[in-house]
Amino acid sequence: MHLPLFGRIKRPWLWITALGLAGLLASGAIAFALSRRSANYDLDELTVPVELTQLTVRIPVSGTVEPIRTVNLSPKSAGTVKTLYVEQGDRVTQGQLIALMDSEQLDAQIIQNQASVAEAVAQLDDARNGASDTDIGQAEAAVEAARAQLTDARARLTLTADELSRNQSLYDQGAISRRDLDRALNDSRSAQAGVTQALARLDEANQRLLDQQDGNDAETIAQAQARLIRAQGQLQAVQAQLNDTQIRAPFDGIVTQRFADEGAFVTPTATASDVTSATSTAIVAIASGLEVVAEVTEADISRIAVGQSVEIQADAFPEQTFKGRVRLVAPEAIEQANVTVFQVRIQLLTGLDQLRSNMNTNVVFVGEQLNEALVIPAVSIITQSGETGVLVPTESGQPEFKPVTLGSPDGDHIQVLDGLQAGERIFIDLPPGQSLDNLTFGRNRQ
């Protein structure tokens, strides 16, 4: 069975580097011995047999500690942060109040809509009870009052429109900030809403006057009931907007970033900036839980399964090995530096109180155990002309290069997949008087 290389070495890249350097030395170095026809040294002291032993499949990759859940909290509508209740690093619980947006305009709309509901209730009562001359007179007065309110609202709209035009010109010239322009825009929108509400009140007042004048038939009562339902719906809509000014934590977690301060204007669709006067897209970021995300090559992904044991080491804790378990194997590959990889999410079983988000880790997936695997000492491996192999003794005891196919590391040993047999002897040290620089390579063609 083919196994991934360097699986059980804690720092495989260091081992690979050392092996490469040793190979470079070895590839030009066993020279002197092969010129001899007989050996006058003890092979048992210089060679060891290829062993047949148990071996656990180990797949080493790199990974990163990441939050399991993360969210940037933003208001549903643009506005100013009135109060911010948390700091970076604070732990929060689901439903906890994180920030409060300015709600002055909404508070005023609540009062107006509450009045509209009360008025609609009174209209319905009048429709059911019948109208007197006094009621008709009050209805006429209400119409006049509504007309006056509409006139005032239109005047305010004209004023805010002029102010918005002036601010837009100043903003285009760079004389004011985007925040000032946004406030002028909000004032204009508020004035437009005031005109709309004033028109609605005038329509209601006119309708009420007509109802009073026409009498209290079934249709009049039904219309009064409909107006009450509409007024109640408008009140509920504004109440929902008011509730949305309370920014609450969607889940238990920790505040990882704070993007805005009290008084900052937050616009979810705007681009965030480091400039103090600029708008932000979020107030805070909240994260929950930690996991390790590893990237496994296409060649190794078939050896990874949900529930598989994982060993994790972090640069911040080089002497500790944390335990994990495969939680999720991505169903779709991604491209990283022109290499096809699959993301594997690992549940942390230990180290949750030590590891931190964005820490780099070395991950080893622990696979099946092989009962009979050929292994050799890692120090016996050399390279010749870019080919990996070992030195085996000829019949005369001279070292001869033999190519091998390597598999999974096991401490200071490594598995051999092809090229050697159990019991076959290999050199772990050069014969006396010989050096890698002087050795002439023989070649085993078997």
# chains A, B, ... in the order shown; residues from 1 in each chain; ligands from 1
>>> residues_around(residues="Gln88 (chain A)", least_positions_apart="4", cutoff="9 Å", atoms="only C-alpha atoms", output="list in words")
Ile254, Val255, Thr256, Gln257, Arg258, Val284 and Ala285 of chain A
>>> write_last_selection(atoms="C-alpha atoms", output="mmCIF file, in the first residue's frame")
data_model
loop_
_atom_site.group_PDB
_atom_site.id
_atom_site.type_symbol
_atom_site.label_atom_id
_atom_site.label_comp_id
_atom_site.auth_asym_id
_atom_site.auth_seq_id
_atom_site.Cartn_x
_atom_site.Cartn_y
_atom_site.Cartn_z
ATOM 1 C CA ILE A 254 -15.887 36.857 21.586
ATOM 2 C CA VAL A 255 -15.515 40.331 20.064
ATOM 3 C CA THR A 256 -12.542 39.931 17.724
ATOM 4 C CA GLN A 257 -12.641 43.376 16.075
ATOM 5 C CA ARG A 258 -14.178 46.770 16.802
ATOM 6 C CA VAL A 284 -17.918 44.845 15.542
ATOM 7 C CA ALA A 285 -16.894 41.323 14.530
#
>>> residues_around(residues="region 137-153 of chain A", least_positions_apart="3", cutoff="8 Å", atoms="only C-alpha atoms", output="PyMOL selection string")
chain A and resi 133-134+156-157+191-192+194-195+198-199+201-202+205-206+208-209+212
>>> closest_atom_pairs(of="region 228-317 of chain A", to="region 66-73 of chain A", cutoff="7 Å", atoms="only C-alpha atoms", output="Markdown table")
| residue | atom | partner | partner_atom | distance |
| --- | --- | --- | --- | --- |
| A:Ala282 | CA | A:Leu73 | CA | 5.6 |
| A:Ile283 | CA | A:Leu73 | CA | 5.7 |
| A:Val284 | CA | A:Leu73 | CA | 5.5 |
| A:Ala285 | CA | A:Asn72 | CA | 4.3 |
| A:Ile286 | CA | A:Val71 | CA | 5.5 |
| A:Ala287 | CA | A:Thr70 | CA | 4.1 |
| A:Ser288 | CA | A:Arg69 | CA | 5.1 |
| A:Gly289 | CA | A:Ile68 | CA | 5.1 |
| A:Leu290 | CA | A:Pro67 | CA | 4.5 |
| A:Glu291 | CA | A:Glu66 | CA | 5.5 |
| A:Val292 | CA | A:Glu66 | CA | 5.9 |
| A:Val293 | CA | A:Glu66 | CA | 6.7 |
>>> residues_around(residues="Phe365 (chain A)", least_positions_apart="3", cutoff="12 Å", atoms="only C-alpha atoms", output="PyMOL selection string")
chain A and resi 3-4+6-8+56-63+294-296+300-313+323-326+344-346+362+368
>>> closest_residue(among="A:Gln369, A:Thr47, A:Thr64, A:Ser74", to="Pro268 (chain A)", atoms="only C-alpha atoms")
A:Ser74
>>> select_by_dssp(residues="region 192-357 of chain A", states="strand (DSSP E)", output="PyMOL selection string")
chain A and resi 246-248+253-258+265-266+284-297+309-314+317-329+334-336+339-348
>>> atom_distance(atom1="CA of Gln246 (chain A)", atom2="CA of Ala264 (chain A)")
15.4 Å
>>> atom_distance(atom1="CA of Pro403 (chain A)", atom2="CA of Val364 (chain A)")
27.6 Å
>>> residues_around(residues="Glu424 (chain A)", least_positions_apart="6", cutoff="12 Å", atoms="only C-alpha atoms", output="list in words")
Asp44, Thr47, Val48, Pro49, Val50, Glu51, Leu52, Leu374, Val375, Ile376, Val390, Leu391, Val392, Pro393, Thr394 and Lys402 of chain A
>>> write_last_selection(atoms="C-alpha atoms", output="compact mmCIF listing (two decimals), in the first residue's frame")
# COMPACT_ATOMS: atom_id res chain seq x y z
CA ASP A 44 27.86 -6.46 10.05
CA THR A 47 25.20 -2.53 7.45
CA VAL A 48 21.80 -3.33 8.91
CA PRO A 49 19.04 -5.61 7.64
CA VAL A 50 15.79 -4.32 6.15
CA GLU A 51 13.16 -4.86 8.86
CA LEU A 52 9.57 -6.01 8.60
CA LEU A 374 9.45 -2.80 5.22
CA VAL A 375 11.42 -0.08 7.02
CA ILE A 376 15.02 1.15 6.88
CA VAL A 390 20.44 3.09 -0.70
CA LEU A 391 23.83 1.36 -0.80
CA VAL A 392 23.77 -2.44 -0.72
CA PRO A 393 26.84 -4.73 -0.51
CA THR A 394 27.87 -6.65 -3.60
CA LYS A 402 20.15 0.58 -5.50
>>> residues_around(residues="region 229-243 of chain A", least_positions_apart="4", cutoff="8 Å", atoms="only C-alpha atoms", output="PyMOL selection string")
chain A and resi 103+106-107+109-110+113-114+116-117+120+225
>>> write_last_selection(atoms="N, CA and C atoms", output="tab-separated table (two decimals), in the first residue's frame")
chain	number	residue	atom	x	y	z
A	103	SER	N	-31.91	56.82	17.43
A	103	SER	CA	-33.31	56.53	17.05
A	103	SER	C	-34.22	57.74	17.21
A	106	LEU	N	-36.97	57.88	14.57
A	106	LEU	CA	-37.92	56.78	14.75
A	106	LEU	C	-38.80	56.99	15.97
A	107	ASP	N	-38.23	57.55	17.03
A	107	ASP	CA	-39.03	57.84	18.22
A	107	ASP	C	-40.17	58.81	17.87
A	109	GLN	N	-41.50	59.18	14.89
A	109	GLN	CA	-42.47	58.47	14.05
A	109	GLN	C	-43.35	57.56	14.88
A	110	ILE	N	-42.81	56.99	15.93
A	110	ILE	CA	-43.62	56.14	16.82
A	110	ILE	C	-44.75	56.96	17.42
A	113	ASN	N	-47.35	57.73	14.75
A	113	ASN	CA	-48.16	56.56	14.39
A	113	ASN	C	-49.07	56.12	15.52
A	114	GLN	N	-48.63	56.32	16.75
A	114	GLN	CA	-49.51	56.03	17.88
A	114	GLN	C	-50.73	56.96	17.85
A	116	SER	N	-51.95	58.27	15.13
A	116	SER	CA	-52.78	57.83	14.00
A	116	SER	C	-53.66	56.65	14.40
A	117	VAL	N	-53.10	55.75	15.19
A	117	VAL	CA	-53.89	54.60	15.67
A	117	VAL	C	-55.03	55.08	16.56
A	120	ALA	N	-57.65	56.60	14.45
A	120	ALA	CA	-58.43	55.59	13.72
A	120	ALA	C	-59.41	54.88	14.64
A	225	GLN	N	-62.77	50.58	9.98
A	225	GLN	CA	-62.01	49.43	10.47
A	225	GLN	C	-60.73	49.24	9.65
>>> atom_distance(atom1="CA of Glu119 (chain A)", atom2="CA of Glu204 (chain A)")
9.3 Å
>>> select_by_dssp(residues="region 156-343 of chain A", states="helix (DSSP H, G or I)", output="ChimeraX atom specification")
/A:156-172,178-214,218-243,301-303
>>> closest_atom_pairs(of="region 229-261 of chain A", to="region 76-81 of chain A", cutoff="9 Å", atoms="only C-alpha atoms", output="Markdown table")
| residue | atom | partner | partner_atom | distance |
| --- | --- | --- | --- | --- |
| A:Gln241 | CA | A:Lys76 | CA | 8.6 |
| A:Asp244 | CA | A:Lys76 | CA | 6.8 |
| A:Thr245 | CA | A:Lys76 | CA | 8.0 |
| A:Ala260 | CA | A:Val81 | CA | 7.9 |
| A:Asp261 | CA | A:Val81 | CA | 7.1 |
>>> closest_atom_pairs(of="region 97-167 of chain A", to="region 171-187 of chain A", cutoff="12 Å", atoms="only C-alpha atoms", output="Markdown table")
| residue | atom | partner | partner_atom | distance |
| --- | --- | --- | --- | --- |
| A:Glu104 | CA | A:Asp187 | CA | 11.9 |
| A:Gln105 | CA | A:Asp187 | CA | 9.6 |
| A:Arg156 | CA | A:Asp187 | CA | 9.5 |
| A:Leu157 | CA | A:Asp187 | CA | 8.8 |
| A:Thr158 | CA | A:Asp187 | CA | 11.2 |
| A:Leu159 | CA | A:Asp187 | CA | 9.8 |
| A:Thr160 | CA | A:Asp187 | CA | 6.4 |
| A:Ala161 | CA | A:Leu185 | CA | 8.5 |
| A:Asp162 | CA | A:Ala184 | CA | 9.8 |
| A:Glu163 | CA | A:Ala184 | CA | 6.8 |
| A:Leu164 | CA | A:Ala184 | CA | 5.3 |
| A:Ser165 | CA | A:Ala184 | CA | 8.9 |
| A:Arg166 | CA | A:Tyr171 | CA | 8.6 |
| A:Asn167 | CA | A:Leu181 | CA | 5.8 |
